$ cat my_file.cif   # mmCIF, C-alpha atoms
data_run
loop_
_atom_site.label_atom_id
_atom_site.label_comp_id
_atom_site.auth_asym_id
_atom_site.auth_seq_id
_atom_site.Cartn_x
_atom_site.Cartn_y
_atom_site.Cartn_z
CA LYS A 1 -79.01 320.16 26.32
CA SER A 2 -80.02 322.74 23.77
CA ILE A 3 -80.40 326.47 24.19
CA ALA A 4 -81.67 329.31 22.03
CA VAL A 5 -79.71 332.55 22.31
CA ILE A 6 -81.77 335.56 21.25
CA ALA A 7 -79.32 338.08 19.81
CA PRO A 8 -79.20 340.89 17.29
CA ARG A 9 -78.39 340.62 13.63
CA VAL A 10 -75.68 343.26 13.29
CA GLU A 11 -75.67 345.29 10.07
CA GLY A 12 -73.16 347.98 9.11
CA LEU A 13 -71.21 347.56 12.36
CA THR A 14 -68.73 345.11 13.80
CA GLU A 15 -70.48 342.48 15.90
CA PRO A 16 -69.31 342.97 19.50
CA ASP A 17 -67.47 339.99 21.02
CA VAL A 18 -70.07 339.44 23.74
CA ILE A 19 -72.51 337.22 21.80
CA PRO A 20 -69.92 335.07 19.95
CA ASP A 21 -67.99 334.66 23.22
CA PHE A 22 -71.18 333.69 25.08
CA ILE A 23 -72.08 331.14 22.40
CA SER A 24 -68.53 329.72 22.44
CA SER A 25 -68.69 329.36 26.21
CA LEU A 26 -72.01 327.50 25.97
CA VAL A 27 -70.62 325.18 23.28
CA SER A 28 -67.53 324.53 25.41
CA ILE A 29 -69.73 323.10 28.19
CA GLY A 30 -71.53 320.82 25.73
CA MET A 31 -74.62 322.87 24.87
CA GLN A 32 -76.27 322.71 21.45
CA VAL A 33 -76.72 326.41 20.66
CA GLU A 34 -79.16 327.95 18.23
CA LYS A 35 -78.65 331.68 17.66
CA VAL A 36 -81.99 333.37 16.99
CA GLU A 37 -81.73 336.87 15.55
CA GLY A 38 -84.49 338.62 17.46
CA TYR A 39 -83.75 342.16 16.35
CA ILE A 40 -81.41 344.21 14.17
CA THR A 41 -78.60 346.44 15.39
CA LYS A 42 -77.51 348.95 12.79
CA PRO A 43 -76.48 352.60 12.66
CA SER A 44 -79.17 355.25 12.41
CA ASP A 45 -79.42 357.65 9.52
CA LYS A 46 -77.31 360.58 10.72
CA THR A 47 -79.49 363.08 8.87
CA HIS A 48 -82.06 362.58 11.65
CA TYR A 49 -79.53 363.78 14.26
CA LEU A 50 -77.71 366.70 12.63
CA ASN A 51 -78.44 369.06 15.55
CA GLU A 52 -77.23 366.55 18.15
CA LEU A 53 -74.11 365.75 16.13
CA GLN A 54 -73.34 369.46 15.80
CA GLN A 55 -73.66 369.83 19.59
CA ILE A 56 -71.12 367.04 20.03
CA ILE A 57 -68.80 368.63 17.45
CA ASN A 58 -69.12 372.01 19.23
CA GLY A 59 -68.44 370.51 22.66
CA GLU A 60 -71.87 371.53 23.95
CA ILE A 61 -72.63 368.15 25.56
CA ASP A 62 -71.48 367.60 29.15
CA LEU A 63 -71.11 363.82 28.84
CA ILE A 64 -71.76 361.09 26.28
CA ALA A 65 -72.90 357.86 27.94
CA PHE A 66 -72.43 354.55 26.16
CA THR A 67 -73.95 351.20 27.11
CA SER A 68 -72.62 349.16 24.18
CA THR A 69 -69.80 348.93 21.69
CA ALA A 70 -72.24 349.19 18.78
CA GLU A 71 -73.34 352.62 20.03
CA ILE A 72 -69.73 353.81 20.08
CA GLU A 73 -68.93 352.52 16.61
CA ALA A 74 -72.14 353.99 15.19
CA LEU A 75 -71.45 357.44 16.68
CA ILE A 76 -67.87 357.43 15.39
CA GLY A 77 -69.30 356.63 11.94
CA MET A 78 -71.80 359.47 12.19
CA LEU A 79 -69.11 361.94 13.30
CA GLY A 80 -66.64 360.73 10.68
CA GLU A 81 -63.67 360.48 13.03
CA VAL A 82 -62.88 359.39 16.56
CA GLU A 83 -60.96 362.60 17.34
CA ILE A 84 -64.23 364.56 17.47
CA LEU A 85 -65.61 362.11 20.01
CA ASN A 86 -62.43 362.34 22.09
CA LYS A 87 -62.95 366.08 22.61
CA ASN A 88 -65.96 365.16 24.78
CA THR A 89 -66.34 363.54 28.20
CA ILE A 90 -67.06 359.86 27.65
CA ALA A 91 -68.72 357.40 30.04
CA CYS A 92 -68.96 353.64 29.54
CA PHE A 93 -71.42 351.33 31.27
CA GLY A 94 -68.77 348.84 32.38
CA PRO A 95 -65.29 347.45 31.72
CA PHE A 96 -66.31 345.47 28.63
CA THR A 97 -67.70 348.58 26.93
CA GLU A 98 -64.65 350.57 28.07
CA ALA A 99 -62.20 348.00 26.65
CA ASN A 100 -63.96 348.01 23.29
CA ALA A 101 -64.14 351.81 23.29
CA GLN A 102 -60.38 351.91 23.77
CA LYS A 103 -59.91 349.40 20.92
CA LEU A 104 -61.83 351.87 18.74
CA GLY A 105 -59.49 354.69 19.84
CA VAL A 106 -61.91 356.35 22.27
CA ARG A 107 -60.57 358.04 25.41
CA VAL A 108 -62.83 356.99 28.29
CA ASP A 109 -63.23 359.38 31.24
CA PHE A 110 -65.60 357.33 33.40
CA THR A 111 -66.54 353.67 33.67
CA GLY A 112 -69.43 352.43 35.76
CA GLN A 113 -68.47 350.17 38.65
CA ASN A 114 -71.91 348.62 39.21
CA PHE A 115 -72.49 347.58 35.61
CA HIS A 116 -75.36 345.23 36.47
CA SER A 117 -77.85 348.09 36.80
CA PHE A 118 -78.72 351.07 34.60
CA GLU A 119 -80.04 352.81 37.70
CA ALA A 120 -76.61 352.50 39.32
CA TYR A 121 -74.94 353.73 36.10
CA VAL A 122 -77.10 356.86 36.17
CA LYS A 123 -76.31 357.45 39.84
CA GLU A 124 -72.58 356.99 39.23
CA ILE A 125 -72.67 359.40 36.27
CA ALA A 126 -74.39 362.01 38.44
CA GLU A 127 -71.73 361.57 41.14
CA PHE A 128 -68.96 361.83 38.52
CA LEU A 129 -70.41 365.02 37.04
CA ASN A 130 -70.97 366.58 40.48
CA LYS A 131 -67.42 365.74 41.54
CA ASN A 132 -66.01 367.30 38.36
CA GLU A 133 -68.19 370.40 38.81
CA ASN A 134 -66.99 370.79 42.40
CA GLU A 135 -63.34 370.42 41.34
CA LYS A 136 -63.80 373.10 38.66
CA ALA A 137 -65.37 375.46 41.22
CA ARG A 138 -62.25 375.31 43.43
#

$ encode --input "my_file.cif" --output "structure tokens"
Amino acid sequence: KSIAVIAPRVEGLTEPDVIPDFISSLVSIGMQVEKVEGYITKPSDKTHYLNELQQIINGEIDLIAFTSTAEIEALIGMLGEVEILNKNTIACFGPFTEANAQKLGVRVDFTGQNFHSFEAYVKEIAEFLNKNENEKAR
């Protein structure tokens, strides 16, 4: 059997393990795999986000939510150092994103438990923020 895997071409970032691991798993069960680069993943030009970056630097953001390792690596690159990011509250979509965040030196405060749904991730973030707000009010 043959299969086409539509995946990003990654530029200026480390390719996350998820696609190579997926392809390796398919090959290991005898599939003929063709990787088709359907889009490009690369860091944005930070000059377009100077205000947002300054808010992160100043600790004016309540939570930074990540859904992929590429997002984390790109933001660290824009900020210039992981220590700035670690002064903020960090949420990761699921355990894979959390593990890669930790490999990059990021301190993760919250990890989604239902990482099969963005709707659930949003709900869990809201519960996390409300719980923290209630604890601070005590």

$ residues_around --input "my_file.cif" --residues "Pro16 (chain A)" --least-positions-apart "2" --cutoff "12 Å" --atoms "all atoms listed in the file" --output "MDAnalysis selection string"
chainID A and resid 7:11 13:14 18:22 41 68:73 96:97 99:101 103:104

$ resolve_selection --input "my_file.cif" --expression "the PyMOL selection byres ((chain A and resi 25-31) around 8)" --output "list in words"
Lys1, Ser2, Ile3, Asp21, Phe22, Ile23, Ser24, Gln32 and Val33 of chain A

$ closest_residue --input "my_file.cif" --among "A:Thr67, A:Thr89, A:Gln102, A:Asn130" --to "Ser117 (chain A)" --atoms "all atoms listed in the file"
A:Thr67

$ resolve_selection --input "my_file.cif" --expression "the PyMOL selection byres ((chain A and resi 65) around 8)" --output "number ranges by chain"
A: 63-64, 66-67, 90-93

$ atom_distance --input "my_file.cif" --atom1 "CA of Asp45 (chain A)" --atom2 "CA of Glu81 (chain A)"
16.4 Å

$ atom_distance --input "my_file.cif" --atom1 "CA of Ile125 (chain A)" --atom2 "CA of Lys87 (chain A)"
18.0 Å

$ residues_around --input "my_file.cif" --residues "Tyr49 (chain A)" --least-positions-apart "6" --cutoff "12 Å" --atoms "all atoms listed in the file" --output "number ranges by chain"
A: 43, 55-56, 75, 78-79

$ atom_distance --input "my_file.cif" --atom1 "CA of Glu52 (chain A)" --atom2 "CA of Leu129 (chain A)"
20.1 Å

$ resolve_selection --input "my_file.cif" --expression "the PyMOL selection byres ((chain A and resi 124) around 10)" --output "compact mmCIF listing (two decimals) with C-alpha atoms, keeping the file's coordinate frame"
# COMPACT_ATOMS: atom_id res chain seq x y z
CA ALA A 91 -68.72 357.40 30.04
CA PHE A 93 -71.42 351.33 31.27
CA PHE A 110 -65.60 357.33 33.40
CA THR A 111 -66.54 353.67 33.67
CA GLY A 112 -69.43 352.43 35.76
CA GLN A 113 -68.47 350.17 38.65
CA ASN A 114 -71.91 348.62 39.21
CA PHE A 118 -78.72 351.07 34.60
CA GLU A 119 -80.04 352.81 37.70
CA ALA A 120 -76.61 352.50 39.32
CA TYR A 121 -74.94 353.73 36.10
CA VAL A 122 -77.10 356.86 36.17
CA LYS A 123 -76.31 357.45 39.84
CA ILE A 125 -72.67 359.40 36.27
CA ALA A 126 -74.39 362.01 38.44
CA GLU A 127 -71.73 361.57 41.14
CA PHE A 128 -68.96 361.83 38.52
CA LEU A 129 -70.41 365.02 37.04
CA ASN A 130 -70.97 366.58 40.48

$ closest_residue --input "my_file.cif" --among "A:Gln54, A:Val82, A:Lys46, A:Ala74" --to "Glu15 (chain A)" --atoms "all atoms listed in the file"
A:Ala74

$ closest_residue --input "my_file.cif" --among "A:Asp17, A:Glu135, A:Asn88, A:Ile6" --to "Ile40 (chain A)" --atoms "only C-alpha atoms"
A:Ile6

$ axis_aligned_box --input "my_file.cif" --around "region 1-13 of chain A" --padding-each-side "3 Å" --output "JSON"
{"center_x": -76.5, "center_y": 334.1, "center_z": 17.7, "size_x": 16.6, "size_y": 33.8, "size_z": 23.2}

$ closest_residue --input "my_file.cif" --among "A:Ala137, A:Ala4, A:Val108, A:Leu85" --to "Leu53 (chain A)" --atoms "all atoms listed in the file"
A:Leu85

$ decode --input "my_file.cif" --residues "region 2-133 of chain A" --atoms "C-alpha atoms" --output "mmCIF file, in the first residue's frame"
data_model
loop_
_atom_site.group_PDB
_atom_site.id
_atom_site.type_symbol
_atom_site.label_atom_id
_atom_site.label_comp_id
_atom_site.auth_asym_id
_atom_site.auth_seq_id
_atom_site.Cartn_x
_atom_site.Cartn_y
_atom_site.Cartn_z
ATOM 1 C CA SER A 2 1.080 3.554 -0.599
ATOM 2 C CA ILE A 3 0.149 6.667 1.313
ATOM 3 C CA ALA A 4 0.734 10.383 0.868
ATOM 4 C CA VAL A 5 1.432 12.306 4.060
ATOM 5 C CA ILE A 6 0.656 16.006 3.708
ATOM 6 C CA ALA A 7 3.061 17.830 6.006
ATOM 7 C CA PRO A 8 4.808 21.162 6.325
ATOM 8 C CA ARG A 9 8.167 22.113 4.929
ATOM 9 C CA VAL A 10 9.874 23.504 8.016
ATOM 10 C CA GLU A 11 12.162 26.504 7.501
ATOM 11 C CA GLY A 12 14.215 28.255 10.178
ATOM 12 C CA LEU A 13 12.977 25.905 12.917
ATOM 13 C CA THR A 14 13.671 22.376 14.041
ATOM 14 C CA GLU A 15 11.211 19.945 12.489
ATOM 15 C CA PRO A 16 9.118 18.502 15.339
ATOM 16 C CA ASP A 17 9.399 14.716 15.788
ATOM 17 C CA VAL A 18 5.720 14.096 15.062
ATOM 18 C CA ILE A 19 5.899 13.871 11.246
ATOM 19 C CA PRO A 20 9.163 11.869 10.971
ATOM 20 C CA ASP A 21 7.896 9.526 13.715
ATOM 21 C CA PHE A 22 4.555 9.109 11.923
ATOM 22 C CA ILE A 23 6.305 8.349 8.626
ATOM 23 C CA SER A 24 8.648 5.865 10.342
ATOM 24 C CA SER A 25 5.675 4.107 11.911
ATOM 25 C CA LEU A 26 3.958 3.824 8.527
ATOM 26 C CA VAL A 27 7.128 2.441 6.923
ATOM 27 C CA SER A 28 7.497 -0.064 9.775
ATOM 28 C CA ILE A 29 4.112 -1.595 8.875
ATOM 29 C CA GLY A 30 5.098 -1.886 5.209
ATOM 30 C CA MET A 31 3.616 1.291 3.736
ATOM 31 C CA GLN A 32 5.226 3.117 0.816
ATOM 32 C CA VAL A 33 5.191 6.710 2.071
ATOM 33 C CA GLU A 34 5.378 9.860 -0.007
ATOM 34 C CA LYS A 35 5.773 13.051 2.026
ATOM 35 C CA VAL A 36 4.022 15.941 0.280
ATOM 36 C CA GLU A 37 4.954 19.377 1.598
ATOM 37 C CA GLY A 38 1.571 21.081 1.560
ATOM 38 C CA TYR A 39 2.541 24.245 3.394
ATOM 39 C CA ILE A 40 5.495 26.013 5.004
ATOM 40 C CA THR A 41 6.099 26.394 8.723
ATOM 41 C CA LYS A 42 8.547 29.164 9.513
ATOM 42 C CA PRO A 43 8.941 31.928 12.086
ATOM 43 C CA SER A 44 7.175 35.221 11.502
ATOM 44 C CA ASP A 45 9.011 38.496 11.161
ATOM 45 C CA LYS A 46 9.126 39.729 14.758
ATOM 46 C CA THR A 47 8.932 43.359 13.658
ATOM 47 C CA HIS A 48 5.220 42.748 13.001
ATOM 48 C CA TYR A 49 4.683 41.811 16.668
ATOM 49 C CA LEU A 50 6.798 44.277 18.657
ATOM 50 C CA ASN A 51 3.858 45.363 20.846
ATOM 51 C CA GLU A 52 2.859 41.772 21.653
ATOM 52 C CA LEU A 53 6.463 40.783 22.373
ATOM 53 C CA GLN A 54 6.836 43.772 24.699
ATOM 54 C CA GLN A 55 3.674 42.686 26.551
ATOM 55 C CA ILE A 56 5.206 39.243 27.052
ATOM 56 C CA ILE A 57 8.501 40.784 28.214
ATOM 57 C CA ASN A 58 6.599 43.045 30.662
ATOM 58 C CA GLY A 59 4.526 40.159 32.038
ATOM 59 C CA GLU A 60 1.275 41.732 30.849
ATOM 60 C CA ILE A 61 -0.115 38.514 29.341
ATOM 61 C CA ASP A 62 -2.105 36.202 31.628
ATOM 62 C CA LEU A 63 -1.256 33.005 29.730
ATOM 63 C CA ILE A 64 0.575 31.956 26.570
ATOM 64 C CA ALA A 65 -1.111 28.974 24.906
ATOM 65 C CA PHE A 66 0.884 26.723 22.598
ATOM 66 C CA THR A 67 -0.471 24.063 20.257
ATOM 67 C CA SER A 68 2.822 23.036 18.647
ATOM 68 C CA THR A 69 6.541 22.825 19.235
ATOM 69 C CA ALA A 70 7.227 25.086 16.247
ATOM 70 C CA GLU A 71 5.227 27.873 17.914
ATOM 71 C CA ILE A 72 7.345 27.565 21.060
ATOM 72 C CA GLU A 73 10.654 27.575 19.210
ATOM 73 C CA ALA A 74 9.579 30.537 17.063
ATOM 74 C CA LEU A 75 8.526 32.600 20.097
ATOM 75 C CA ILE A 76 11.770 31.831 21.926
ATOM 76 C CA GLY A 77 13.615 33.039 18.808
ATOM 77 C CA MET A 78 11.574 36.238 18.705
ATOM 78 C CA LEU A 79 12.168 36.908 22.411
ATOM 79 C CA GLY A 80 15.858 36.053 22.174
ATOM 80 C CA GLU A 81 15.938 33.834 25.263
ATOM 81 C CA VAL A 82 13.818 31.225 26.977
ATOM 82 C CA GLU A 83 14.114 32.938 30.388
ATOM 83 C CA ILE A 84 11.761 35.712 29.231
ATOM 84 C CA LEU A 85 9.175 33.126 28.241
ATOM 85 C CA ASN A 86 9.552 31.344 31.586
ATOM 86 C CA LYS A 87 8.455 34.476 33.458
ATOM 87 C CA ASN A 88 4.979 33.912 31.981
ATOM 88 C CA THR A 89 2.264 31.316 32.557
ATOM 89 C CA ILE A 90 2.595 28.684 29.849
ATOM 90 C CA ALA A 91 -0.050 26.246 28.589
ATOM 91 C CA CYS A 92 0.547 23.367 26.190
ATOM 92 C CA PHE A 93 -2.104 21.599 24.130
ATOM 93 C CA GLY A 94 -1.047 18.108 25.204
ATOM 94 C CA PRO A 95 1.786 15.956 26.533
ATOM 95 C CA PHE A 96 3.725 15.890 23.254
ATOM 96 C CA THR A 97 3.858 19.688 23.099
ATOM 97 C CA GLU A 98 4.696 19.819 26.819
ATOM 98 C CA ALA A 99 7.586 17.341 26.444
ATOM 99 C CA ASN A 100 9.072 19.317 23.568
ATOM 100 C CA ALA A 101 8.587 22.591 25.449
ATOM 101 C CA GLN A 102 10.573 21.137 28.336
ATOM 102 C CA LYS A 103 13.310 19.989 25.921
ATOM 103 C CA LEU A 104 13.543 23.637 24.816
ATOM 104 C CA GLY A 105 13.888 24.741 28.461
ATOM 105 C CA VAL A 106 10.330 26.030 28.872
ATOM 106 C CA ARG A 107 8.588 25.723 32.250
ATOM 107 C CA VAL A 108 5.043 24.494 31.569
ATOM 108 C CA ASP A 109 2.280 25.479 34.012
ATOM 109 C CA PHE A 110 -0.669 23.737 32.367
ATOM 110 C CA THR A 111 -1.113 20.866 29.924
ATOM 111 C CA GLY A 112 -4.424 20.023 28.310
ATOM 112 C CA GLN A 113 -5.821 16.621 29.211
ATOM 113 C CA ASN A 114 -8.264 16.317 26.298
ATOM 114 C CA PHE A 115 -5.753 17.084 23.563
ATOM 115 C CA HIS A 116 -7.989 15.790 20.780
ATOM 116 C CA SER A 117 -10.091 18.961 20.731
ATOM 117 C CA PHE A 118 -9.234 22.667 20.609
ATOM 118 C CA GLU A 119 -12.633 23.365 22.154
ATOM 119 C CA ALA A 120 -11.687 21.227 25.158
ATOM 120 C CA TYR A 121 -8.279 22.960 25.370
ATOM 121 C CA VAL A 122 -9.996 26.348 25.557
ATOM 122 C CA LYS A 123 -12.386 25.093 28.235
ATOM 123 C CA GLU A 124 -9.525 23.610 30.263
ATOM 124 C CA ILE A 125 -7.535 26.862 30.001
ATOM 125 C CA ALA A 126 -10.552 28.814 31.273
ATOM 126 C CA GLU A 127 -10.914 26.410 34.220
ATOM 127 C CA PHE A 128 -7.175 26.681 34.961
ATOM 128 C CA LEU A 129 -7.258 30.489 34.912
ATOM 129 C CA ASN A 130 -10.419 30.628 37.049
ATOM 130 C CA LYS A 131 -8.913 28.222 39.585
ATOM 131 C CA ASN A 132 -5.725 30.308 39.805
ATOM 132 C CA GLU A 133 -7.755 33.522 40.158
#
